[in-house]
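Let me begin by presenting the structure, written as structure tokens, before commenting on it.
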Amino acid sequence: MRADWQVSIRRACEVIRFDPRTYRYKSRRPGQAALEQRIREICQTRVRFGYRRVHVLLRREGWEINAKKTYRIYKELGMQLQTKTPRRSKPPH
């Protein structure tokens, strides 16, 4: 829109009723590559751990992380708890 009609950001945002502060927003969230790597390592060594147990281990190691963030990263990495196949029950005598 700006390139076609050569208008300012303020004018373009005003026309489409879009807040210019949203247009200029830059996220300040730090990168989480180290955290993702650590979650991946924990899940590889302990395949029976779900995101809750992974979260407890991370907190013990000193990571300041919320359980919801742990869950989100856990799912983004494609990790999931390996389900056990149920054992067959013995038939009654």
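Chain lettering (A, B, ...) mirrors the order of the structure tokens, residue numbering begins at 1 for each chain separately, and ligand numbering begins at 1 in order of display.
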Inset, instruction - Go through chain A and collect every residue that DSSP, computed from the backbone, puts in helix (DSSP H, G or I); the answer should be as an MDAnalysis selection string. - result: chainID A and resid 2:5 9:15 20:24 33:45 51:60 67:76
Legend entry - Nearest-residue call for A:Gln37, choices A:Tyr51, A:Pro86, A:Arg11, A:Ile73, using only C-alpha atoms: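 The shortest atom-to-atom distance to A:Gln37 comes from A:Ile73.
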Legend entry - Contact residues around A:Arg59 with only C-alpha atoms at 12 Å, ignoring same-chain residues under 6 positions, as an MDAnalysis selection string: chainID A and resid 35 38:39 52:53 65:67 70
Could you please take those selected residues and save C-alpha atoms as an mmCIF file, in the first residue's frame?
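Output saved as again00.cif:
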data_model
loop_
_atom_site.group_PDB
_atom_site.id
_atom_site.type_symbol
_atom_site.label_atom_id
_atom_site.label_comp_id
_atom_site.auth_asym_id
_atom_site.auth_seq_id
_atom_site.Cartn_x
_atom_site.Cartn_y
_atom_site.Cartn_z
ATOM 1 C CA LEU A 35 16.313 -23.966 26.488
ATOM 2 C CA ARG A 38 18.097 -28.703 27.072
ATOM 3 C CA ILE A 39 14.490 -29.908 26.784
ATOM 4 C CA ARG A 52 5.536 -31.701 33.777
ATOM 5 C CA ARG A 53 8.501 -33.800 34.872
ATOM 6 C CA ILE A 65 10.523 -20.880 33.170
ATOM 7 C CA ASN A 66 6.763 -21.087 33.359
ATOM 8 C CA ALA A 67 5.018 -24.474 33.023
ATOM 9 C CA THR A 70 7.630 -25.586 28.940
#
Legend entry - Residue among A:Lys26, A:Gly31, A:Ile9, A:Arg48 lying closest to A:Lys84, counting only C-alpha atoms: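 Nearest to A:Lys84: A:Arg48.
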Inset, instruction - Mind giving me the straight-line distance from atom CA of A:Leu77 to atom CA of A:Arg28 in Å, one decimal? - result: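 According to the coordinates, atom CA of A:Leu77 and atom CA of A:Arg28 are separated by 22.1 Å.
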Legend entry - Two-atom distance - atom CA of A:Phe49, atom CA of A:Arg29 (Å):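 Atom-to-atom, atom CA of A:Phe49 to atom CA of A:Arg29, that is 27.4 Å.
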Legend entry - atom CA of A:Glu41 to atom CA of A:Leu58, distance in Å rounded to a single decimal: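 Atom-to-atom, atom CA of A:Glu41 and atom CA of A:Leu58 are spaced 11.3 Å apart.
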Legend entry - Shell around A:Ala12 at 12 Å using only C-alpha atoms, local window under 6 positions removed, as a VMD selection string: chain A and resid 1 to 6 18 to 20 23
Legend entry - Proximity to A:Lys75 - best of A:Arg40, A:Val56, A:Ser89, A:Glu61, only C-alpha atoms: A:Arg40
